Each structure stands twice: as C-alpha cells, then as structure tokens.
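Engineer: Sharing a structure, written as structure tokens. Questions coming.
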Amino acid sequence: MKTRVITALVGIAVLVLVMLTFNTMVFNLVVAAVALIGMHEVYAALGFDRKDWLLYAVLVPYTLLVMLSSYRVARGMVMAVSFALMLFYCIYLVVRNGSVSYQKVSGLVLFSGIILFCFYSLIHLKMLLPVEEYSYDAIFFILLILCFAWGGDTCAYFAGRAFGKHKLCPKVSPKKTVEGAIGGVLGTMLFGVIITVIYSLLADRTEAFTRSNIGVSMYVIIALLGVVAAVLGIYGDLFASVVKRQCGIKDYGTIFPGHGGILDRFDSVMFIAPFVSMVITAVFYR
C-alpha cells in the first residue's frame, strides 16, 4: 500500500507538470508517448516474435500524426496515412502467412485502436475548447475524466473491502463485487459534482455551468455522466482483465510501482474519455 500511495503522489505531480504544457505541442507529444507505451504493452502481452517489430513500429508515426492533428498540416495527412496503415497490415499478413497469427495482429490493431481513440479524446477537447475562448474548460474536463475513472476505482475498492459479498464477474476479475461497483458509481457521481463545483467557483464559471443547450443544469448532467462513466470504467477494467488472462500475464507493465503498467492504470479511462468528450461538447458547446 505504501508503494502505491507514493506512486500515486508522484503521478499527481507529473500530471500537474503535464497540464502546465496544455496549450503547447508538448502536451500532444506527452499524450502520444503515453498512448504508445500502452500500445507497446499490448504488443508485448500478445507475445509477438522480435522479427515482427514492424507491427508496432508503424504505430509510432501514425500515433504521433493523430495526436498532432489539432494542427492543420498533420490533420490533412490523417486520411491518407490511415489508408496506408490499413494496407500495410493486410499486406504484412499475406507476406507473413503461416508465421504470424491473424488473431494476434487483429488483437493488436483492435486494442491499439481503442487506446488511440481514448487518448485522442483529450486532444479533441483541447482542439474544440481553446484556452483563448473557453478559458481552462478543456483542462477541467480532462481532469474530470481522470477523476471519474480513478475516483470511481478508489471508491469501488474501499466499498468492496467493506461491504463486498456478491461477486461481479468472478471468471474475469475475482476480487470485484457488486457492492464495490455500487460504491464506485456513487463515488464517481460525488467526485464529479464536487470537482465541477470547485472549478466553476475558482474559474468564475458558475453562471455558465448552471445552464446548457438542453435546459438542464450542468451539475445534474455531471452526476448522470458519473453513473454512465462508472459503468464504462468497470467495463474498461474487465476488458483489460480479459486480455491479460488470455495472454497469461498479471500486469501489463511495471512503469508504475505497485500499480503495474500504463494500461493497468488507464484501463478504466479507455471508454470514459471518448464518452465524456462527446457528451460534453455536444450538450454545452455546440
């Protein structure tokens, strides 16, 4: 537990430093680096041979391009490079037929696509809510996404330890309980509303945050988002656990002592980030 707490504190400090670069290209590059580490964890978990390194290598320039697509030059290249990447994987399977598994390659492409979509959601918020026009709203929503994911995980953990009796999905994650999941949902709602109130007061956005395009207070929408986000976070965790079990590994990596790899820490973020980004921009900024 001590190691986990120390790692968490260091992680928070790093997060603050990253957020200080939000309005620069450095932020995009950091997000790309985190996504690429996650993709490499998938590549390693699937157990590819060393001579198949190209399967991961081609993801590096593509991920950088997507994460930099908030800039016009990169955005104009995404369609063509996406086609080239798709074509590469198809040709690779034909050339390496019999020595590389279609199932493994499909798993790498699927999981890498989910990771890319997840982290691109943060860039999407940056692009749609520029600081010059919307103050620090984009940073707030990124922190809200992380709060939904990690706050919900924390509440689920303690609720499960205190009240857990009924297993949620024993074949995939034996320690998860129904009671823990309920605690996670309630905790996600509470954390979401609290952080929204704090931001709206500090940034003088109270008036803007009490209305929306659909005539409902943002605080109500955040609470409802918290419910859906908690469920999506649980499914993200279970999805990552299924892959780990089928690959025969305990953790995706060791980059976070006491926590595991990037995917062990961001598994619950995978489905929450795109969902929250889409709903928030559709309801409040269309």
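Labeling convention for the structure tokens: chains A, B, ... as they appear, residues from 1 per chain, ligands from 1 in order of appearance.
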Give me the residues near Met19 of chain A as JSON, numbers by chain, where near means some atom within 8 Å (using only C-alpha atoms) and where sequence neighbours in that chain fewer than 4 positions away do not count.

Structural biologist: {"A": [15, 27, 139]}

Engineer: Keeping only N, CA, C and O atoms, write those residues as a tab-separated table (two decimals), in the first residue's frame.

Structural biologist:
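File selection.tsv, as written:
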```tsv
chain	number	residue	atom	x	y	z
A	15	LEU	N	1.33	14.78	-13.44
A	15	LEU	CA	0.12	15.23	-14.12
A	15	LEU	C	0.03	16.76	-14.11
A	15	LEU	O	-0.32	17.38	-15.12
A	27	PHE	N	2.18	19.03	-24.84
A	27	PHE	CA	1.06	18.25	-24.31
A	27	PHE	C	0.67	17.15	-25.28
A	27	PHE	O	0.49	15.99	-24.90
A	139	ILE	N	-9.10	21.69	-19.81
A	139	ILE	CA	-8.29	21.09	-18.75
A	139	ILE	C	-9.20	20.53	-17.66
A	139	ILE	O	-8.97	19.41	-17.15
```

Engineer: Going by DSSP on the backbone, which bits of segment 37-239 of chain A are helix (DSSP H, G or I)? Write them as a ChimeraX atom specification, please.

Structural biologist: /A:37-45,50-52,54-57,59-67,72-75,78-95,102-128,131-134,137-163,178-202,208-210,218-239

Engineer: Show me, as a list of chain:residue names, the residues that have an atom within 9 Å of segment 97-107 of chain A when counting only C-alpha atoms, minus same-chain residues fewer than 2 positions from it.

Structural biologist: A:Val42, A:Tyr43, A:Leu46, A:Gly47, A:Phe48, A:Asp49, A:Asp52, A:Leu55, A:Tyr89, A:Tyr92, A:Leu93, A:Val94, A:Val95, A:Val109, A:Leu110, A:Phe111, A:Ser112

Engineer: Grab the residues selected above and save them as a PDB file, in the first residue's frame with N, CA, C and O atoms.

Structural biologist:
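Final file, again28.pdb:
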```pdb
ATOM      1  N   VAL A  42       0.555  -3.825 -25.051  1.00  0.00           N
ATOM      2  CA  VAL A  42      -0.313  -4.792 -25.746  1.00  0.00           C
ATOM      3  C   VAL A  42       0.534  -5.682 -26.650  1.00  0.00           C
ATOM      4  O   VAL A  42       0.368  -6.914 -26.669  1.00  0.00           O
ATOM      5  N   TYR A  43       1.436  -5.066 -27.407  1.00  0.00           N
ATOM      6  CA  TYR A  43       2.331  -5.798 -28.311  1.00  0.00           C
ATOM      7  C   TYR A  43       3.124  -6.856 -27.540  1.00  0.00           C
ATOM      8  O   TYR A  43       3.242  -8.007 -27.966  1.00  0.00           O
ATOM      9  N   LEU A  46       0.877  -9.799 -26.190  1.00  0.00           N
ATOM     10  CA  LEU A  46       0.439 -10.754 -27.212  1.00  0.00           C
ATOM     11  C   LEU A  46       1.564 -11.696 -27.644  1.00  0.00           C
ATOM     12  O   LEU A  46       1.313 -12.670 -28.349  1.00  0.00           O
ATOM     13  N   GLY A  47       2.792 -11.404 -27.238  1.00  0.00           N
ATOM     14  CA  GLY A  47       3.899 -12.321 -27.458  1.00  0.00           C
ATOM     15  C   GLY A  47       4.365 -12.455 -28.891  1.00  0.00           C
ATOM     16  O   GLY A  47       4.659 -13.570 -29.361  1.00  0.00           O
ATOM     17  N   PHE A  48       4.480 -11.358 -29.603  1.00  0.00           N
ATOM     18  CA  PHE A  48       4.994 -11.397 -30.978  1.00  0.00           C
ATOM     19  C   PHE A  48       6.486 -11.723 -30.989  1.00  0.00           C
ATOM     20  O   PHE A  48       7.212 -11.434 -30.039  1.00  0.00           O
ATOM     21  N   ASP A  49       6.947 -12.320 -32.078  1.00  0.00           N
ATOM     22  CA  ASP A  49       8.375 -12.569 -32.259  1.00  0.00           C
ATOM     23  C   ASP A  49       9.097 -11.239 -32.500  1.00  0.00           C
ATOM     24  O   ASP A  49       8.509 -10.271 -32.976  1.00  0.00           O
ATOM     25  N   ASP A  52       8.839  -9.469 -35.805  1.00  0.00           N
ATOM     26  CA  ASP A  52       7.576  -8.806 -36.137  1.00  0.00           C
ATOM     27  C   ASP A  52       7.503  -7.394 -35.568  1.00  0.00           C
ATOM     28  O   ASP A  52       6.429  -6.829 -35.413  1.00  0.00           O
ATOM     29  N   LEU A  55       5.221  -4.443 -36.794  1.00  0.00           N
ATOM     30  CA  LEU A  55       3.808  -4.333 -36.448  1.00  0.00           C
ATOM     31  C   LEU A  55       3.572  -3.236 -35.415  1.00  0.00           C
ATOM     32  O   LEU A  55       2.537  -2.561 -35.430  1.00  0.00           O
ATOM     33  N   TYR A  89      -0.929  -3.532 -42.817  1.00  0.00           N
ATOM     34  CA  TYR A  89      -1.272  -4.707 -42.012  1.00  0.00           C
ATOM     35  C   TYR A  89      -1.815  -5.837 -42.883  1.00  0.00           C
ATOM     36  O   TYR A  89      -1.514  -7.023 -42.652  1.00  0.00           O
ATOM     37  N   TYR A  92       1.144  -7.278 -44.794  1.00  0.00           N
ATOM     38  CA  TYR A  92       2.017  -7.990 -43.861  1.00  0.00           C
ATOM     39  C   TYR A  92       1.479  -9.394 -43.583  1.00  0.00           C
ATOM     40  O   TYR A  92       2.242 -10.371 -43.536  1.00  0.00           O
ATOM     41  N   LEU A  93       0.163  -9.502 -43.408  1.00  0.00           N
ATOM     42  CA  LEU A  93      -0.446 -10.804 -43.142  1.00  0.00           C
ATOM     43  C   LEU A  93      -0.296 -11.745 -44.337  1.00  0.00           C
ATOM     44  O   LEU A  93      -0.117 -12.952 -44.175  1.00  0.00           O
ATOM     45  N   VAL A  94      -0.361 -11.188 -45.546  1.00  0.00           N
ATOM     46  CA  VAL A  94      -0.196 -12.017 -46.748  1.00  0.00           C
ATOM     47  C   VAL A  94       1.251 -12.490 -46.872  1.00  0.00           C
ATOM     48  O   VAL A  94       1.534 -13.671 -47.096  1.00  0.00           O
ATOM     49  N   VAL A  95       2.192 -11.550 -46.709  1.00  0.00           N
ATOM     50  CA  VAL A  95       3.622 -11.881 -46.848  1.00  0.00           C
ATOM     51  C   VAL A  95       4.077 -12.847 -45.767  1.00  0.00           C
ATOM     52  O   VAL A  95       4.864 -13.764 -46.032  1.00  0.00           O
ATOM     53  N   VAL A 109      -4.302  -4.561 -33.385  1.00  0.00           N
ATOM     54  CA  VAL A 109      -4.958  -3.452 -34.080  1.00  0.00           C
ATOM     55  C   VAL A 109      -6.179  -2.978 -33.293  1.00  0.00           C
ATOM     56  O   VAL A 109      -6.389  -1.764 -33.123  1.00  0.00           O
ATOM     57  N   LEU A 110      -6.983  -3.920 -32.806  1.00  0.00           N
ATOM     58  CA  LEU A 110      -8.182  -3.557 -32.043  1.00  0.00           C
ATOM     59  C   LEU A 110      -7.828  -2.799 -30.776  1.00  0.00           C
ATOM     60  O   LEU A 110      -8.344  -1.697 -30.524  1.00  0.00           O
ATOM     61  N   PHE A 111      -6.955  -3.368 -29.960  1.00  0.00           N
ATOM     62  CA  PHE A 111      -6.615  -2.756 -28.677  1.00  0.00           C
ATOM     63  C   PHE A 111      -5.883  -1.427 -28.892  1.00  0.00           C
ATOM     64  O   PHE A 111      -6.137  -0.443 -28.194  1.00  0.00           O
ATOM     65  N   SER A 112      -4.995  -1.383 -29.876  1.00  0.00           N
ATOM     66  CA  SER A 112      -4.285  -0.136 -30.167  1.00  0.00           C
ATOM     67  C   SER A 112      -5.263   0.946 -30.635  1.00  0.00           C
ATOM     68  O   SER A 112      -5.113   2.124 -30.296  1.00  0.00           O
TER      69      SER A 112
END
```

Engineer: Skipping near chain neighbours, those fewer than 3 positions away, what residues fall within 10 Å of Ala149 of chain A using only C-alpha atoms, listed as a CSV table (one decimal) with N, CA and C atoms, in the first residue's frame?

Structural biologist:
```csv
chain,number,residue,atom,x,y,z
A,143,LEU,N,-9.4,16.6,-16.4
A,143,LEU,CA,-9.3,16.2,-15.0
A,143,LEU,C,-10.6,15.5,-14.5
A,144,LEU,N,-11.7,15.9,-15.0
A,144,LEU,CA,-13.0,15.3,-14.7
A,144,LEU,C,-13.0,13.8,-15.1
A,145,ILE,N,-12.5,13.6,-16.3
A,145,ILE,CA,-12.4,12.2,-16.9
A,145,ILE,C,-11.6,11.4,-16.0
A,146,LEU,N,-10.4,11.9,-15.6
A,146,LEU,CA,-9.5,11.1,-14.7
A,146,LEU,C,-10.1,10.9,-13.4
A,152,GLY,N,-13.6,6.7,-9.1
A,152,GLY,CA,-14.6,5.6,-9.0
A,152,GLY,C,-13.9,4.3,-8.6
A,153,ASP,N,-12.6,4.1,-9.2
A,153,ASP,CA,-11.8,2.9,-8.8
A,153,ASP,C,-11.6,2.9,-7.3
A,154,THR,N,-11.2,4.0,-6.7
A,154,THR,CA,-10.9,4.1,-5.3
A,154,THR,C,-12.1,3.8,-4.5
A,184,GLY,N,-18.6,2.4,-6.4
A,184,GLY,CA,-17.9,3.1,-7.4
A,184,GLY,C,-18.8,4.1,-8.1
A,188,THR,N,-18.2,8.0,-8.0
A,188,THR,CA,-18.0,8.7,-9.2
A,188,THR,C,-18.9,10.0,-9.4
A,226,GLY,N,-21.6,10.7,-14.4
A,226,GLY,CA,-20.9,9.9,-13.4
A,226,GLY,C,-21.4,8.5,-13.4
A,229,ALA,N,-20.3,6.8,-16.6
A,229,ALA,CA,-18.8,6.7,-16.6
A,229,ALA,C,-18.4,5.6,-15.7
A,230,ALA,N,-19.0,5.5,-14.5
A,230,ALA,CA,-18.6,4.4,-13.6
A,230,ALA,C,-18.8,3.0,-14.2
A,231,VAL,N,-19.9,2.9,-15.0
A,231,VAL,CA,-20.2,1.6,-15.6
A,231,VAL,C,-19.2,1.3,-16.7
A,232,LEU,N,-18.9,2.4,-17.5
A,232,LEU,CA,-17.9,2.3,-18.6
A,232,LEU,C,-16.5,2.0,-18.0
A,233,GLY,N,-16.2,2.6,-16.9
A,233,GLY,CA,-14.9,2.3,-16.3
A,233,GLY,C,-14.8,0.9,-15.8
A,234,ILE,N,-15.9,0.3,-15.3
A,234,ILE,CA,-15.8,-1.1,-14.9
A,234,ILE,C,-15.6,-2.0,-16.1
A,236,GLY,N,-14.2,-1.2,-18.9
A,236,GLY,CA,-12.9,-1.0,-19.4
A,236,GLY,C,-11.9,-1.8,-18.6
A,237,ASP,N,-12.1,-1.9,-17.3
A,237,ASP,CA,-11.3,-2.7,-16.4
A,237,ASP,C,-11.4,-4.2,-16.8
A,265,ARG,N,-3.3,1.2,-15.2
A,265,ARG,CA,-3.8,2.5,-14.6
A,265,ARG,C,-4.8,3.2,-15.4
A,266,PHE,N,-4.8,3.0,-16.7
A,266,PHE,CA,-5.7,3.7,-17.6
A,266,PHE,C,-6.8,2.9,-18.2
A,267,ASP,N,-6.9,1.6,-17.7
A,267,ASP,CA,-7.9,0.7,-18.3
A,267,ASP,C,-9.3,1.3,-18.1
A,268,SER,N,-9.6,1.9,-17.0
A,268,SER,CA,-10.9,2.4,-16.7
A,268,SER,C,-11.2,3.7,-17.4
A,269,VAL,N,-10.1,4.3,-17.9
A,269,VAL,CA,-10.2,5.6,-18.7
A,269,VAL,C,-10.6,5.4,-20.1
A,270,MET,N,-10.3,4.2,-20.7
A,270,MET,CA,-10.4,3.9,-22.1
A,270,MET,C,-11.8,4.2,-22.7
A,271,PHE,N,-12.9,3.8,-22.0
A,271,PHE,CA,-14.2,4.1,-22.5
A,271,PHE,C,-14.8,5.4,-22.0
A,272,ILE,N,-14.3,5.8,-20.8
A,272,ILE,CA,-14.9,7.0,-20.2
A,272,ILE,C,-14.5,8.3,-21.0
A,273,ALA,N,-13.2,8.4,-21.4
A,273,ALA,CA,-12.7,9.6,-22.1
A,273,ALA,C,-13.5,9.9,-23.4
```

Engineer: What lies within 12 Å of Pro130 of chain A using only C-alpha atoms, ignoring chain neighbours under 6 positions off, as a PyMOL selection string?

Structural biologist: chain A and resi 22-24+70+123-124+136-139+285

Engineer: At a cut-off of 12 Å, using only C-alpha atoms, what residues contact Met278 of chain A? Leave out same-chain residues fewer than 2 positions from it and give the result as a ChimeraX atom specification.

Structural biologist: /A:117-118,120-122,124-125,128,141,145,225,271-276,280-286

Engineer: Need the shell around Pro257 of chain A: protein/DNA/RNA residues with any atom at most 10 Å away, counting only C-alpha atoms. Skip same-chain ones fewer than 2 positions apart. Format as a VMD selection string?

Structural biologist: chain A and resid 3 to 8 253 to 255 259 to 261

Engineer: Ranking A:Met79, A:Val185, A:Cys155, A:Met218 by minimum distance to Ser200 of chain A and counting only C-alpha atoms, which one comes first?

Structural biologist: A:Met218

Engineer: Using Å and a single decimal, report how far atom CA of Ala33 of chain A sits from atom CA of Lys51 of chain A.

Structural biologist: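 Computing the Euclidean distance for atom CA of Lys51 of chain A and atom CA of Ala33 of chain A yields 22.9 Å.
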
Engineer: Could you list, with a cut-off of 9 Å and counting only C-alpha atoms, the residues of segment 86-191 of chain A near segment 238-243 of chain A, each shown with its nearest atom pair and the distance in Å rounded to one decimal, rows sorted by chain and ascending number, as a Markdown table?

Structural biologist:
```
| residue | atom | partner | partner_atom | distance |
| --- | --- | --- | --- | --- |
| A:Cys169 | CA | A:Leu238 | CA | 8.3 |
| A:Val172 | CA | A:Val242 | CA | 5.9 |
| A:Ser173 | CA | A:Ser241 | CA | 6.8 |
```

Engineer: Here is a test: counting only C-alpha atoms, which residue of A:Leu9, A:Ile222, A:Leu116, A:Met189 is nearest to Met67 of chain A?

Structural biologist: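 Selected residue with least distance to Met67 of chain A: A:Leu116.
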